[in-house]
file upload_14.cif (mmCIF, C-alpha atoms)
data_final
#
loop_
_atom_site.label_atom_id
_atom_site.label_comp_id
_atom_site.auth_asym_id
_atom_site.auth_seq_id
_atom_site.Cartn_x
_atom_site.Cartn_y
_atom_site.Cartn_z
CA PRO A 681 -3.36 -33.15 -25.85
CA CYS A 682 0.02 -33.11 -27.64
CA VAL A 683 1.13 -32.18 -31.13
CA LYS A 684 4.57 -32.72 -32.69
CA VAL A 685 5.33 -30.23 -35.42
CA GLN A 686 8.05 -31.22 -37.92
CA ALA A 687 9.94 -27.98 -38.64
CA ALA A 688 11.65 -29.22 -41.81
CA TYR A 689 8.45 -29.34 -43.84
CA TYR A 690 7.62 -25.76 -42.95
CA GLU A 691 11.20 -24.51 -43.47
CA LEU A 692 11.22 -26.18 -46.90
CA MET A 693 8.72 -23.54 -48.02
CA GLY A 694 10.93 -20.59 -47.04
CA THR A 695 9.68 -17.55 -45.19
CA SER A 696 6.02 -18.29 -45.93
CA GLY A 697 6.49 -21.79 -44.52
CA VAL A 698 8.13 -20.44 -41.36
CA ALA A 699 5.25 -17.97 -40.98
CA CYS A 700 2.80 -20.88 -41.37
CA MET A 701 4.74 -22.87 -38.75
CA GLU A 702 4.46 -19.96 -36.33
CA GLU A 703 0.70 -19.88 -36.99
CA THR A 704 0.48 -23.64 -36.40
CA LEU A 705 2.41 -23.33 -33.11
CA ALA A 706 0.21 -20.44 -31.98
CA GLU A 707 -3.00 -22.33 -32.82
CA ALA A 708 -1.78 -25.43 -30.98
CA ARG A 709 -1.00 -23.30 -27.92
CA ARG A 710 -4.40 -21.60 -28.20
CA LEU A 711 -6.05 -25.05 -28.17
CA GLY A 712 -4.09 -25.98 -25.05
CA TYR A 713 -1.93 -28.67 -26.64
CA VAL A 714 1.52 -29.54 -25.40
CA VAL A 715 3.69 -28.54 -28.37
CA VAL A 716 6.80 -30.46 -29.41
CA LEU A 717 8.83 -28.88 -32.19
CA ASP A 718 10.81 -31.58 -33.97
CA ALA A 719 13.68 -29.44 -35.26
CA LYS A 720 16.69 -31.49 -34.10
CA ARG A 721 18.73 -28.40 -33.37
CA GLY A 722 22.37 -28.74 -32.42
CA ASP A 723 25.38 -26.47 -32.34
CA ILE A 724 27.57 -24.79 -29.75
CA GLY A 725 27.98 -21.37 -28.17
CA ALA A 726 26.07 -18.43 -29.53
CA THR A 727 24.40 -20.49 -32.27
CA ALA A 728 22.97 -23.01 -29.79
CA ALA A 729 21.84 -20.10 -27.62
CA ALA A 730 20.09 -18.51 -30.61
CA TYR A 731 18.24 -21.74 -31.44
CA SER A 732 17.19 -22.02 -27.82
CA GLU A 733 16.11 -18.39 -27.52
CA ALA A 734 13.90 -18.79 -30.59
CA TYR A 735 11.81 -21.55 -29.02
CA LEU A 736 12.54 -22.15 -25.32
CA ALA A 737 13.49 -18.86 -23.68
CA GLU A 738 11.05 -16.71 -21.77
CA GLY A 739 9.62 -14.34 -24.37
CA ALA A 740 10.64 -16.62 -27.28
CA PRO A 741 9.20 -15.44 -30.60
CA ALA A 742 7.93 -18.97 -31.39
CA PRO A 743 7.54 -20.65 -27.98
CA VAL A 744 7.12 -24.41 -27.74
CA ASP A 745 6.86 -26.74 -24.77
CA PHE A 746 9.59 -29.08 -26.02
CA LEU A 747 12.28 -28.90 -28.70
CA THR A 748 14.22 -31.83 -30.13
CA VAL A 749 18.00 -31.40 -30.05
CA THR A 750 21.03 -33.42 -31.09
CA PRO A 751 23.63 -34.18 -28.41
CA TYR A 752 26.69 -34.85 -30.53
CA SER A 753 28.36 -31.51 -29.78
CA GLY A 754 28.41 -32.59 -26.13
CA THR A 755 27.46 -30.53 -23.11
CA ALA A 756 28.55 -27.28 -24.78
CA GLY A 757 25.87 -27.85 -27.40
CA VAL A 758 23.11 -28.68 -24.92
CA GLN A 759 23.89 -26.24 -22.10
CA PRO A 760 22.17 -23.17 -23.63
CA PHE A 761 18.98 -25.21 -24.05
CA LEU A 762 19.19 -26.49 -20.47
CA GLU A 763 19.61 -22.96 -19.13
CA ASP A 764 16.55 -21.68 -20.99
CA CYS A 765 14.52 -24.71 -19.86
CA GLY A 766 15.46 -23.98 -16.26
CA ARG A 767 14.28 -20.38 -16.58
CA SER A 768 11.17 -20.91 -18.72
CA GLY A 769 9.86 -24.27 -17.50
CA ARG A 770 10.02 -25.70 -21.03
CA GLY A 771 11.81 -28.90 -22.06
CA LEU A 772 13.93 -30.85 -24.51
CA PHE A 773 13.90 -34.20 -26.19
CA VAL A 774 17.48 -35.28 -26.88
CA LEU A 775 18.18 -37.80 -29.63
CA VAL A 776 19.41 -40.99 -27.92
CA LYS A 777 18.48 -44.02 -30.05
CA THR A 778 16.61 -43.04 -33.18
CA SER A 779 14.30 -45.31 -35.16
CA ASN A 780 15.94 -45.07 -38.58
CA PRO A 781 17.66 -48.26 -39.81
CA SER A 782 21.08 -46.59 -40.17
CA SER A 783 21.05 -45.23 -36.60
CA GLY A 784 23.35 -48.04 -35.51
CA GLU A 785 26.17 -46.76 -37.72
CA PHE A 786 27.05 -44.38 -34.90
CA GLN A 787 24.59 -44.87 -32.06
CA ASP A 788 25.46 -48.56 -31.59
CA LEU A 789 29.24 -48.08 -31.64
CA ILE A 790 30.89 -49.57 -28.57
CA THR A 791 32.69 -47.02 -26.43
CA GLY A 792 35.82 -47.49 -24.33
CA ASP A 793 33.85 -48.83 -21.36
CA GLY A 794 32.15 -51.52 -23.46
CA ARG A 795 28.77 -49.81 -23.73
CA PRO A 796 27.11 -48.57 -26.92
CA LEU A 797 27.20 -44.85 -27.60
CA PHE A 798 23.41 -44.52 -27.28
CA GLU A 799 23.64 -45.81 -23.72
CA ARG A 800 26.29 -43.23 -22.87
CA VAL A 801 24.09 -40.51 -24.42
CA GLY A 802 21.16 -41.74 -22.30
CA GLU A 803 23.36 -41.44 -19.24
CA LYS A 804 24.17 -37.82 -20.17
CA VAL A 805 20.46 -37.10 -20.71
CA SER A 806 19.80 -38.25 -17.14
CA GLU A 807 22.70 -36.14 -15.88
CA TRP A 808 21.62 -33.05 -17.83
CA GLY A 809 18.05 -33.39 -16.58
CA ALA A 810 18.80 -34.13 -12.92
CA SER A 811 18.30 -30.51 -11.83
CA LEU A 812 15.11 -30.16 -13.92
CA ILE A 813 12.98 -32.87 -12.29
CA GLY A 814 9.47 -31.64 -11.58
CA ALA A 815 6.90 -32.39 -8.91
CA GLU A 816 5.74 -35.61 -10.64
CA GLY A 817 9.28 -37.04 -10.69
CA TYR A 818 10.08 -36.53 -14.36
CA SER A 819 12.73 -34.33 -15.88
CA ALA A 820 12.19 -31.56 -18.41
CA VAL A 821 14.95 -33.28 -20.41
CA GLY A 822 13.50 -36.20 -22.31
CA ALA A 823 14.92 -38.72 -24.76
CA VAL A 824 14.06 -39.62 -28.34
CA VAL A 825 14.02 -43.42 -28.38
CA GLY A 826 12.96 -45.34 -31.48
CA ALA A 827 10.14 -47.79 -30.79
CA THR A 828 11.66 -49.90 -33.58
CA TYR A 829 14.33 -51.00 -31.09
CA PRO A 830 12.30 -52.38 -28.15
CA GLU A 831 15.22 -54.06 -26.36
CA GLN A 832 17.30 -50.89 -26.38
CA GLY A 833 14.23 -48.89 -25.39
CA ALA A 834 13.55 -51.15 -22.41
CA MET A 835 17.17 -50.89 -21.30
CA LEU A 836 17.10 -47.08 -21.63
CA ARG A 837 13.80 -46.94 -19.71
CA ARG A 838 15.46 -48.78 -16.80
CA GLU A 839 18.51 -46.51 -16.90
CA MET A 840 16.54 -43.27 -17.25
CA PRO A 841 13.71 -43.64 -14.71
CA HIS A 842 12.99 -39.88 -14.52
CA THR A 843 13.05 -39.28 -18.27
CA PHE A 844 10.09 -38.94 -20.65
CA CYS A 845 10.67 -40.79 -23.89
CA LEU A 846 9.47 -39.54 -27.25
CA LEU A 847 8.86 -42.70 -29.26
#
call {"tool": "encode", "arguments": {"input": "upload_14.cif", "output": "C-alpha coordinates"}}
result
Amino acid sequence: PCVKVQAAYYELMGTSGVACMEETLAEARRLGYVVVLDAKRGDIGATAAAYSEAYLAEGAPAPVDFLTVTPYSGTAGVQPFLEDCGRSGRGLFVLVKTSNPSSGEFQDLITGDGRPLFERVGEKVSEWGASLIGAEGYSAVGAVVGATYPEQGAMLRREMPHTFCLL
(Lines of atoms letter the chains of each structure in order from A and count residues from 1; the text may use other names and numbers.)
(Lines give C-alpha, C1' and ligand atoms only; values in the text may rest on other atoms or scores of the structure.)
Protein backbone atom coordinates (compact mmCIF):
# COMPACT_ATOMS: atom_id res chain seq x y z
CA PRO A 1 0.00 0.00 0.00
CA CYS A 2 3.04 2.32 0.10
CA VAL A 3 5.55 3.47 -2.48
CA LYS A 4 8.75 5.46 -1.88
CA VAL A 5 9.78 7.48 -4.90
CA GLN A 6 13.44 8.57 -5.05
CA ALA A 7 13.36 12.10 -6.52
CA ALA A 8 17.05 12.22 -7.44
CA TYR A 9 16.75 9.64 -10.21
CA TYR A 10 13.93 11.56 -11.84
CA GLU A 11 15.60 14.96 -11.38
CA LEU A 12 18.76 13.55 -12.98
CA MET A 13 16.86 13.44 -16.27
CA GLY A 14 15.94 17.14 -16.21
CA THR A 15 12.51 18.46 -17.03
CA SER A 16 11.38 15.24 -18.71
CA GLY A 17 12.41 13.31 -15.60
CA VAL A 18 10.49 15.69 -13.32
CA ALA A 19 7.45 15.32 -15.59
CA CYS A 20 7.82 11.53 -15.34
CA MET A 21 8.08 11.80 -11.54
CA GLU A 22 4.85 13.79 -11.46
CA GLU A 23 3.21 11.05 -13.57
CA THR A 24 4.55 8.38 -11.20
CA LEU A 25 3.21 10.27 -8.16
CA ALA A 26 -0.18 10.74 -9.81
CA GLU A 27 -0.42 7.05 -10.76
CA ALA A 28 0.53 5.98 -7.23
CA ARG A 29 -2.18 8.26 -5.82
CA ARG A 30 -4.68 6.92 -8.37
CA LEU A 31 -3.88 3.38 -7.19
CA GLY A 32 -4.48 4.43 -3.59
CA TYR A 33 -0.90 4.03 -2.38
CA VAL A 34 0.58 6.04 0.44
CA VAL A 35 3.27 8.05 -1.35
CA VAL A 36 6.61 8.91 0.23
CA LEU A 37 8.83 11.22 -1.79
CA ASP A 38 12.44 10.66 -0.81
CA ALA A 39 13.82 14.09 -1.70
CA LYS A 40 15.69 14.97 1.53
CA ARG A 41 14.77 18.63 1.25
CA GLY A 42 16.28 21.12 3.67
CA ASP A 43 16.74 24.86 3.77
CA ILE A 44 15.35 27.82 5.67
CA GLY A 45 12.81 30.58 5.15
CA ALA A 46 11.24 31.09 1.78
CA THR A 47 13.21 28.24 0.18
CA ALA A 48 11.99 25.70 2.75
CA ALA A 49 8.47 27.05 2.29
CA ALA A 50 8.75 26.60 -1.48
CA TYR A 51 9.91 22.99 -1.13
CA SER A 52 7.02 22.34 1.23
CA GLU A 53 4.44 24.06 -0.97
CA ALA A 54 5.51 21.92 -3.92
CA TYR A 55 4.68 18.65 -2.17
CA LEU A 56 2.86 19.08 1.16
CA ALA A 57 0.64 22.16 0.99
CA GLU A 58 -3.04 22.03 0.19
CA GLY A 59 -3.23 22.39 -3.58
CA ALA A 60 0.42 21.32 -4.05
CA PRO A 61 1.31 20.80 -7.71
CA ALA A 62 2.89 17.40 -6.92
CA PRO A 63 1.20 16.26 -3.69
CA VAL A 64 2.67 13.41 -1.67
CA ASP A 65 1.66 11.88 1.64
CA PHE A 66 5.15 12.16 3.14
CA LEU A 67 8.34 14.01 2.22
CA THR A 68 11.82 13.30 3.57
CA VAL A 69 13.61 16.34 4.99
CA THR A 70 16.96 17.07 6.59
CA PRO A 71 16.93 18.66 10.05
CA TYR A 72 20.37 20.25 10.15
CA SER A 73 19.12 23.81 9.60
CA GLY A 74 17.20 23.41 12.87
CA THR A 75 13.62 24.38 13.56
CA ALA A 76 13.74 27.26 11.05
CA GLY A 77 14.34 24.70 8.32
CA VAL A 78 11.57 22.33 9.41
CA GLN A 79 8.87 24.81 10.49
CA PRO A 80 7.45 25.53 6.99
CA PHE A 81 7.02 21.78 6.44
CA LEU A 82 5.33 21.36 9.84
CA GLU A 83 2.91 24.19 9.09
CA ASP A 84 1.88 22.69 5.76
CA CYS A 85 1.50 19.24 7.36
CA GLY A 86 -0.79 20.73 9.99
CA ARG A 87 -2.99 22.30 7.32
CA SER A 88 -2.97 19.50 4.74
CA GLY A 89 -2.85 16.36 6.88
CA ARG A 90 0.33 15.20 5.14
CA GLY A 91 3.58 14.24 6.87
CA LEU A 92 7.36 14.23 7.03
CA PHE A 93 10.14 11.78 7.59
CA VAL A 94 13.09 13.58 9.17
CA LEU A 95 16.59 12.13 8.82
CA VAL A 96 17.67 10.99 12.30
CA LYS A 97 20.11 8.07 11.98
CA THR A 98 20.72 7.11 8.38
CA SER A 99 21.93 3.72 7.18
CA ASN A 100 25.03 4.79 5.25
CA PRO A 101 28.37 3.75 6.80
CA SER A 102 29.65 7.34 7.07
CA SER A 103 26.54 8.55 8.94
CA GLY A 104 28.44 8.39 12.20
CA GLU A 105 30.85 11.12 11.09
CA PHE A 106 28.24 13.63 12.24
CA GLN A 107 25.21 11.75 13.54
CA ASP A 108 27.19 9.91 16.24
CA LEU A 109 29.04 12.98 17.54
CA ILE A 110 28.59 13.41 21.28
CA THR A 111 26.86 16.64 22.23
CA GLY A 112 27.37 18.77 25.32
CA ASP A 113 24.95 16.68 27.38
CA GLY A 114 26.78 13.43 26.59
CA ARG A 115 24.27 12.12 24.05
CA PRO A 116 24.93 11.49 20.35
CA LEU A 117 23.60 14.04 17.89
CA PHE A 118 21.16 11.54 16.35
CA GLU A 119 19.51 11.13 19.74
CA ARG A 120 19.09 14.88 20.09
CA VAL A 121 17.60 15.02 16.57
CA GLY A 122 15.18 12.22 17.54
CA GLU A 123 14.15 14.29 20.54
CA LYS A 124 13.44 17.27 18.25
CA VAL A 125 11.43 15.03 15.91
CA SER A 126 9.21 14.06 18.86
CA GLU A 127 8.90 17.71 19.86
CA TRP A 128 8.10 18.88 16.32
CA GLY A 129 5.48 16.16 15.91
CA ALA A 130 3.77 16.51 19.30
CA SER A 131 0.98 18.71 17.93
CA LEU A 132 0.48 16.46 14.88
CA ILE A 133 -0.43 13.20 16.63
CA GLY A 134 -3.44 11.55 15.01
CA ALA A 135 -6.28 9.40 16.28
CA GLU A 136 -4.15 6.21 16.26
CA GLY A 137 -1.48 7.81 18.49
CA TYR A 138 1.19 8.42 15.86
CA SER A 139 2.58 11.71 14.68
CA ALA A 140 2.63 13.00 11.12
CA VAL A 141 6.34 13.66 11.75
CA GLY A 142 8.28 10.45 11.32
CA ALA A 143 11.96 9.55 11.50
CA VAL A 144 14.37 8.01 9.00
CA VAL A 145 16.25 5.38 11.00
CA GLY A 146 18.72 3.04 9.32
CA ALA A 147 17.93 -0.62 9.95
CA THR A 148 21.69 -1.19 9.70
CA TYR A 149 22.00 0.21 13.24
CA PRO A 150 19.58 -1.96 15.27
CA GLU A 151 20.79 -0.84 18.71
CA GLN A 152 20.36 2.84 17.87
CA GLY A 153 17.04 2.05 16.22
CA ALA A 154 15.76 0.27 19.32
CA MET A 155 16.85 3.17 21.52
CA LEU A 156 15.16 5.69 19.20
CA ARG A 157 11.98 3.56 19.13
CA ARG A 158 11.82 3.75 22.95
CA GLU A 159 12.43 7.50 22.94
CA MET A 160 10.00 8.26 20.11
CA PRO A 161 6.92 6.17 20.97
CA HIS A 162 4.54 8.24 18.78
CA THR A 163 6.82 8.36 15.75
CA PHE A 164 6.65 6.25 12.58
CA CYS A 165 10.08 5.12 11.46
CA LEU A 166 11.09 4.83 7.82
CA LEU A 167 13.68 2.06 7.80
call {"tool": "closest_residue", "arguments": {"input": "upload_14.cif", "among": "A:Ala823, A:Val685, A:Leu692, A:Ala730", "to": "Val714 in chain A", "atoms": "all atoms listed in the file"}}
result
A:Val685
call {"tool": "resolve_selection", "arguments": {"input": "upload_14.cif", "expression": "the PyMOL selection byres ((chain A and resi 843) around 6)", "output": "list of chain:residue names"}}
result
A:Tyr818, A:Ser819, A:Gly822, A:Met840, A:Pro841, A:His842, A:Phe844
call {"tool": "write_last_selection", "arguments": {"input": "upload_14.cif", "atoms": "C-alpha atoms", "output": "PDB file, in the coordinates of the input"}}
result
ATOM      1  CA  TYR A 818      10.080 -36.530 -14.360  1.00  0.00           C
ATOM      2  CA  SER A 819      12.730 -34.330 -15.880  1.00  0.00           C
ATOM      3  CA  GLY A 822      13.500 -36.200 -22.310  1.00  0.00           C
ATOM      4  CA  MET A 840      16.540 -43.270 -17.250  1.00  0.00           C
ATOM      5  CA  PRO A 841      13.710 -43.640 -14.710  1.00  0.00           C
ATOM      6  CA  HIS A 842      12.990 -39.880 -14.520  1.00  0.00           C
ATOM      7  CA  PHE A 844      10.090 -38.940 -20.650  1.00  0.00           C
TER       8      PHE A 844
END
call {"tool": "atom_distance", "arguments": {"input": "upload_14.cif", "atom1": "CA of Leu747 in chain A", "atom2": "CA of Arg721 in chain A"}}
result
8.0 Å
call {"tool": "residues_around", "arguments": {"input": "upload_14.cif", "residues": "Ile724 in chain A", "least_positions_apart": "2", "cutoff": "10 Å", "atoms": "all atoms listed in the file", "output": "list in words"}}
result
Gly722, Ala726, Thr727, Ala728, Ala729, Ala730, Tyr731, Ser753, Gly754, Thr755, Ala756, Gly757, Val758, Gln759 and Pro760 of chain A
call {"tool": "atom_distance", "arguments": {"input": "upload_14.cif", "atom1": "CA of Gln832 in chain A", "atom2": "CA of Tyr689 in chain A"}}
result
29.1 Å
call {"tool": "atom_distance", "arguments": {"input": "upload_14.cif", "atom1": "CA of Thr695 in chain A", "atom2": "CA of Asp745 in chain A"}}
result
22.6 Å
call {"tool": "resolve_selection", "arguments": {"input": "upload_14.cif", "expression": "the PyMOL selection byres ((chain A and resi 696-704) around 10)", "output": "PyMOL selection string"}}
result
chain A and resi 685-695+705-710+715+717+741-743
call {"tool": "closest_residue", "arguments": {"input": "upload_14.cif", "among": "A:Val683, A:Leu847, A:Ala827, A:Val749", "to": "Lys720 in chain A", "atoms": "only C-alpha atoms"}}
result
A:Val749
call {"tool": "residues_around", "arguments": {"input": "upload_14.cif", "residues": "Glu738 in chain A", "least_positions_apart": "3", "cutoff": "12 Å", "atoms": "all atoms listed in the file", "output": "list in words"}}
result
Ser732, Glu733, Ala734, Tyr735, Pro741, Ala742, Pro743, Val744, Asp745, Phe761, Glu763, Asp764, Cys765, Gly766, Arg767, Ser768, Gly769 and Arg770 of chain A
call {"tool": "residues_around", "arguments": {"input": "upload_14.cif", "residues": "Pro781 in chain A", "least_positions_apart": "3", "cutoff": "12 Å", "atoms": "all atoms listed in the file", "output": "PDB file with C-alpha atoms, in the frame of the given file"}}
result
ATOM      1  CA  LYS A 777      18.480 -44.020 -30.050  1.00  0.00           C
ATOM      2  CA  THR A 778      16.610 -43.040 -33.180  1.00  0.00           C
ATOM      3  CA  GLY A 784      23.350 -48.040 -35.510  1.00  0.00           C
ATOM      4  CA  GLU A 785      26.170 -46.760 -37.720  1.00  0.00           C
ATOM      5  CA  PHE A 786      27.050 -44.380 -34.900  1.00  0.00           C
ATOM      6  CA  GLN A 787      24.590 -44.870 -32.060  1.00  0.00           C
ATOM      7  CA  ASP A 788      25.460 -48.560 -31.590  1.00  0.00           C
ATOM      8  CA  GLY A 826      12.960 -45.340 -31.480  1.00  0.00           C
ATOM      9  CA  ALA A 827      10.140 -47.790 -30.790  1.00  0.00           C
ATOM     10  CA  THR A 828      11.660 -49.900 -33.580  1.00  0.00           C
ATOM     11  CA  TYR A 829      14.330 -51.000 -31.090  1.00  0.00           C
TER      12      TYR A 829
END
call {"tool": "decode", "arguments": {"input": "upload_14.cif", "residues": "range 682-709 of chain A", "atoms": "N, CA, C and O atoms", "output": "JSON list (two decimals), in the first residue's frame"}}
result
[["chain", "number", "residue", "atom", "x", "y", "z"],
["A", 682, "CYS", "N", 2.17, 1.14, 0.01],
["A", 682, "CYS", "CA", 3.04, 2.32, 0.10],
["A", 682, "CYS", "C", 4.11, 2.24, -0.97],
["A", 682, "CYS", "O", 4.63, 1.16, -1.28],
["A", 683, "VAL", "N", 4.45, 3.39, -1.51],
["A", 683, "VAL", "CA", 5.55, 3.47, -2.48],
["A", 683, "VAL", "C", 6.45, 4.63, -2.07],
["A", 683, "VAL", "O", 5.97, 5.68, -1.64],
["A", 684, "LYS", "N", 7.78, 4.40, -2.17],
["A", 684, "LYS", "CA", 8.75, 5.46, -1.88],
["A", 684, "LYS", "C", 9.45, 5.80, -3.19],
["A", 684, "LYS", "O", 10.16, 4.98, -3.76],
["A", 685, "VAL", "N", 9.23, 7.01, -3.63],
["A", 685, "VAL", "CA", 9.78, 7.48, -4.90],
["A", 685, "VAL", "C", 11.07, 8.27, -4.60],
["A", 685, "VAL", "O", 11.05, 9.19, -3.79],
["A", 686, "GLN", "N", 12.17, 7.89, -5.24],
["A", 686, "GLN", "CA", 13.44, 8.57, -5.05],
["A", 686, "GLN", "C", 13.56, 9.69, -6.09],
["A", 686, "GLN", "O", 13.77, 9.45, -7.27],
["A", 687, "ALA", "N", 13.41, 10.93, -5.63],
["A", 687, "ALA", "CA", 13.36, 12.10, -6.52],
["A", 687, "ALA", "C", 14.64, 12.28, -7.33],
["A", 687, "ALA", "O", 14.59, 12.72, -8.49],
["A", 688, "ALA", "N", 15.78, 11.96, -6.77],
["A", 688, "ALA", "CA", 17.05, 12.22, -7.44],
["A", 688, "ALA", "C", 17.14, 11.56, -8.81],
["A", 688, "ALA", "O", 17.67, 12.15, -9.77],
["A", 689, "TYR", "N", 16.63, 10.34, -8.94],
["A", 689, "TYR", "CA", 16.75, 9.64, -10.21],
["A", 689, "TYR", "C", 15.85, 10.23, -11.29],
["A", 689, "TYR", "O", 16.15, 10.12, -12.48],
["A", 690, "TYR", "N", 14.78, 10.85, -10.89],
["A", 690, "TYR", "CA", 13.93, 11.56, -11.84],
["A", 690, "TYR", "C", 14.55, 12.91, -12.19],
["A", 690, "TYR", "O", 14.61, 13.30, -13.36],
["A", 691, "GLU", "N", 15.01, 13.64, -11.17],
["A", 691, "GLU", "CA", 15.60, 14.96, -11.38],
["A", 691, "GLU", "C", 16.85, 14.89, -12.25],
["A", 691, "GLU", "O", 17.15, 15.82, -13.00],
["A", 692, "LEU", "N", 17.56, 13.77, -12.16],
["A", 692, "LEU", "CA", 18.76, 13.55, -12.98],
["A", 692, "LEU", "C", 18.47, 13.70, -14.46],
["A", 692, "LEU", "O", 19.32, 14.13, -15.24],
["A", 693, "MET", "N", 17.25, 13.41, -14.86],
["A", 693, "MET", "CA", 16.86, 13.44, -16.27],
["A", 693, "MET", "C", 16.29, 14.79, -16.70],
["A", 693, "MET", "O", 15.75, 14.91, -17.80],
["A", 694, "GLY", "N", 16.39, 15.80, -15.85],
["A", 694, "GLY", "CA", 15.94, 17.14, -16.21],
["A", 694, "GLY", "C", 14.43, 17.27, -16.21],
["A", 694, "GLY", "O", 13.73, 16.56, -15.49],
["A", 695, "THR", "N", 13.94, 18.17, -17.04],
["A", 695, "THR", "CA", 12.51, 18.46, -17.03],
["A", 695, "THR", "C", 11.66, 17.25, -17.42],
["A", 695, "THR", "O", 10.58, 17.06, -16.87],
["A", 696, "SER", "N", 12.15, 16.43, -18.34],
["A", 696, "SER", "CA", 11.38, 15.24, -18.71],
["A", 696, "SER", "C", 11.33, 14.26, -17.55],
["A", 696, "SER", "O", 10.32, 13.58, -17.34],
["A", 697, "GLY", "N", 12.40, 14.17, -16.77],
["A", 697, "GLY", "CA", 12.41, 13.31, -15.60],
["A", 697, "GLY", "C", 11.45, 13.81, -14.53],
["A", 697, "GLY", "O", 10.75, 13.00, -13.90],
["A", 698, "VAL", "N", 11.42, 15.12, -14.31],
["A", 698, "VAL", "CA", 10.49, 15.69, -13.32],
["A", 698, "VAL", "C", 9.05, 15.45, -13.77],
["A", 698, "VAL", "O", 8.20, 15.10, -12.95],
["A", 699, "ALA", "N", 8.79, 15.60, -15.07],
["A", 699, "ALA", "CA", 7.45, 15.32, -15.59],
["A", 699, "ALA", "C", 7.09, 13.85, -15.36],
["A", 699, "ALA", "O", 5.96, 13.53, -14.96],
["A", 700, "CYS", "N", 8.05, 12.96, -15.58],
["A", 700, "CYS", "CA", 7.82, 11.53, -15.34],
["A", 700, "CYS", "C", 7.57, 11.27, -13.86],
["A", 700, "CYS", "O", 6.70, 10.46, -13.50],
["A", 701, "MET", "N", 8.31, 11.96, -12.98],
["A", 701, "MET", "CA", 8.08, 11.80, -11.54],
["A", 701, "MET", "C", 6.66, 12.22, -11.18],
["A", 701, "MET", "O", 5.98, 11.54, -10.41],
["A", 702, "GLU", "N", 6.21, 13.33, -11.73],
["A", 702, "GLU", "CA", 4.85, 13.79, -11.46],
["A", 702, "GLU", "C", 3.83, 12.75, -11.93],
["A", 702, "GLU", "O", 2.83, 12.50, -11.25],
["A", 703, "GLU", "N", 4.09, 12.11, -13.08],
["A", 703, "GLU", "CA", 3.21, 11.05, -13.57],
["A", 703, "GLU", "C", 3.23, 9.85, -12.63],
["A", 703, "GLU", "O", 2.18, 9.26, -12.34],
["A", 704, "THR", "N", 4.41, 9.49, -12.14],
["A", 704, "THR", "CA", 4.55, 8.38, -11.20],
["A", 704, "THR", "C", 3.77, 8.67, -9.92],
["A", 704, "THR", "O", 3.04, 7.80, -9.41],
["A", 705, "LEU", "N", 3.93, 9.88, -9.38],
["A", 705, "LEU", "CA", 3.21, 10.27, -8.16],
["A", 705, "LEU", "C", 1.71, 10.22, -8.38],
["A", 705, "LEU", "O", 0.96, 9.72, -7.53],
["A", 706, "ALA", "N", 1.25, 10.73, -9.51],
["A", 706, "ALA", "CA", -0.18, 10.74, -9.81],
["A", 706, "ALA", "C", -0.72, 9.32, -9.95],
["A", 706, "ALA", "O", -1.81, 9.00, -9.45],
["A", 707, "GLU", "N", 0.03, 8.44, -10.60],
["A", 707, "GLU", "CA", -0.42, 7.05, -10.76],
["A", 707, "GLU", "C", -0.47, 6.34, -9.40],
["A", 707, "GLU", "O", -1.41, 5.60, -9.12],
["A", 708, "ALA", "N", 0.53, 6.59, -8.56],
["A", 708, "ALA", "CA", 0.53, 5.98, -7.23],
["A", 708, "ALA", "C", -0.68, 6.45, -6.42],
["A", 708, "ALA", "O", -1.33, 5.65, -5.74],
["A", 709, "ARG", "N", -0.99, 7.74, -6.52],
["A", 709, "ARG", "CA", -2.18, 8.26, -5.82],
["A", 709, "ARG", "C", -3.45, 7.64, -6.40],
["A", 709, "ARG", "O", -4.36, 7.28, -5.66]]
